[in-house]
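Enquirer: Structure incoming, see below.
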Amino acid sequence: MKYQINLISSSSNRVKPVDRVIYFSLNYLRYILVFTQIVVIAVFMYKFRVDQKIIDLNESATEKQEIITVSQPLIKEARAADFTIRQSQTLIDQQDNFSKMDQYLFSNFPKDLFLTKFSYDGGTVSLDGYTQNIQILKGYYQNLKKEAKFKNIVLKEIVKSDLGFEFTFNLGGFTQ
């Protein structure tokens, strides 16, 4: 048995370009078309899902806007109440500070010092009075300096008069 092998192709075995195109279109083009259709369907499904999310978000935003519109008067009322509470707390704190300062001043106040005028203006206390003994005034002044409950302690003036020694204290910056 002898076989004859021809390694040079003959011109008759050549495939024509038209035949190649027909072969390609019949075998591979149908797969490409099916794959393209699947991709198109997937894109449409994704588009529908995205459109539904957009619609849901718009509805949610509309609902939240309505809630804000309805609750706006309540928010304004709450802010006004909060402002009133803060103002009240500030006044209470100021009164408490004044009460503690007043209690401190008069609990240590010597009985031989007499006040003719007491004024309080925004954290500053002014005391006008008189005494017969200057040493009592000096001791009270030194006691205020030593305890340092006030940041500013100023003995403004001491004047000798018919009542004795008249004095003026200015005290400021009370710390508890």
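Identifiers in the structure tokens: chain A, B, ... in order shown; residue index from 1 per chain; ligand index from 1 in order shown.
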Write out as a tab-separated table the residues of region 54-104 of chain A that have any atom within 10 Å of an atom of region 118-141 of chain A, one row each with the nearest atom pair and its distance in Å to one decimal, counting only C-alpha atoms, sorted by chain and then rising number.
Expert:
```
residue	atom	partner	partner_atom	distance
A:Gln94	CA	A:Gly123	CA	8.9
A:Asn97	CA	A:Gly123	CA	9.0
A:Phe98	CA	A:Gly123	CA	8.0
A:Met101	CA	A:Val125	CA	9.5
A:Asp102	CA	A:Val125	CA	9.6
```
Enquirer: In Å to one decimal, how far is CA of Phe109 (chain A) from CA of Lys146 (chain A)?
Expert: 14.5 Å
Enquirer: Which residues are near Asn143 (chain A)? Cut-off 12 Å, only C-alpha atoms, ignore same chain within fewer than 6 positions. Put them as a ChimeraX atom specification.
Expert: /A:104-105,108-110,136-137,149-150,153
Enquirer: Would you export the selected residues with C-alpha atoms as a PDB file, in the first residue's frame, please?
Expert:
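Written out: out07.pdb:
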```
ATOM      1  CA  TYR A 104     -20.307  85.828 100.976  1.00  0.00           C
ATOM      2  CA  LEU A 105     -20.103  89.611 101.344  1.00  0.00           C
ATOM      3  CA  ASN A 108     -18.029  88.189 106.534  1.00  0.00           C
ATOM      4  CA  PHE A 109     -19.136  91.790 106.961  1.00  0.00           C
ATOM      5  CA  PRO A 110     -17.975  93.251 110.324  1.00  0.00           C
ATOM      6  CA  ILE A 136     -11.962  97.231 111.267  1.00  0.00           C
ATOM      7  CA  LEU A 137     -12.048  98.592 107.697  1.00  0.00           C
ATOM      8  CA  LYS A 149     -13.135  85.661  95.936  1.00  0.00           C
ATOM      9  CA  PHE A 150     -13.122  88.863  93.877  1.00  0.00           C
ATOM     10  CA  ILE A 153     -10.823  94.750  94.985  1.00  0.00           C
TER      11      ILE A 153
END
```
Enquirer: Let me make sure I understand: among A:Phe169, A:Phe83, A:Phe174, A:Phe106, which one has the smallest atom-to-atom distance to Glu157 (chain A) if we use only C-alpha atoms?
Expert: A:Phe169
Enquirer: Would you list, as a PyMOL selection string, the residues of region 1-171 of chain A that end up in strand (DSSP E) under DSSP run on this structure's backbone?
Expert: chain A and resi 113-121+124-131+150-160+165-171
Enquirer: Take the selection from the previous step and output its residues with C-alpha atoms, as a tab-separated table (two decimals), in the first residue's frame.
Expert:
```tsv
chain	number	residue	atom	x	y	z
A	113	LEU	CA	-19.00	98.74	109.51
A	114	PHE	CA	-22.19	100.49	108.40
A	115	LEU	CA	-23.38	100.67	104.79
A	116	THR	CA	-25.03	103.76	103.36
A	117	LYS	CA	-25.16	102.55	99.77
A	118	PHE	CA	-24.97	99.17	98.06
A	119	SER	CA	-25.10	98.94	94.26
A	120	TYR	CA	-24.67	96.05	91.87
A	121	ASP	CA	-24.08	96.65	88.19
A	124	THR	CA	-19.41	94.99	89.87
A	125	VAL	CA	-20.39	95.79	93.46
A	126	SER	CA	-20.00	99.22	94.97
A	127	LEU	CA	-20.17	99.60	98.76
A	128	ASP	CA	-20.35	103.01	100.44
A	129	GLY	CA	-20.36	103.23	104.20
A	130	TYR	CA	-18.69	104.46	107.35
A	131	THR	CA	-17.03	103.19	110.53
A	150	PHE	CA	-13.12	88.86	93.88
A	151	LYS	CA	-10.67	89.46	91.05
A	152	ASN	CA	-10.76	93.25	91.49
A	153	ILE	CA	-10.82	94.75	94.99
A	154	VAL	CA	-10.41	98.52	95.06
A	155	LEU	CA	-10.72	100.70	98.14
A	156	LYS	CA	-11.51	103.89	96.28
A	157	GLU	CA	-11.53	106.44	99.02
A	158	ILE	CA	-11.44	106.96	102.77
A	159	VAL	CA	-12.62	110.32	104.06
A	160	LYS	CA	-12.79	111.52	107.67
A	165	PHE	CA	-14.38	107.29	108.40
A	166	GLU	CA	-16.39	107.12	105.17
A	167	PHE	CA	-15.24	104.58	102.58
A	168	THR	CA	-16.03	103.35	99.08
A	169	PHE	CA	-15.23	99.80	97.89
A	170	ASN	CA	-15.49	98.59	94.30
A	171	LEU	CA	-15.48	94.82	93.94
```
Enquirer: Using DSSP on the backbone coordinates, identify all residues within region 5-168 of chain A classified as alpha helix (DSSP H); present the result as a PyMOL selection string.
Expert: chain A and resi 17-27+29-107+134-147
Enquirer: Please indicate the distance in Å from CA of Glu63 (chain A) to CA of Ala81 (chain A), rounded to one decimal place.
Expert: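 Interatomic distance, CA of Glu63 (chain A) to CA of Ala81 (chain A): 27.1 Å.
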Enquirer: So how many Å separate CA of Leu29 (chain A) and CA of Phe48 (chain A), to one decimal?
Expert: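 The value is 28.7 Å.
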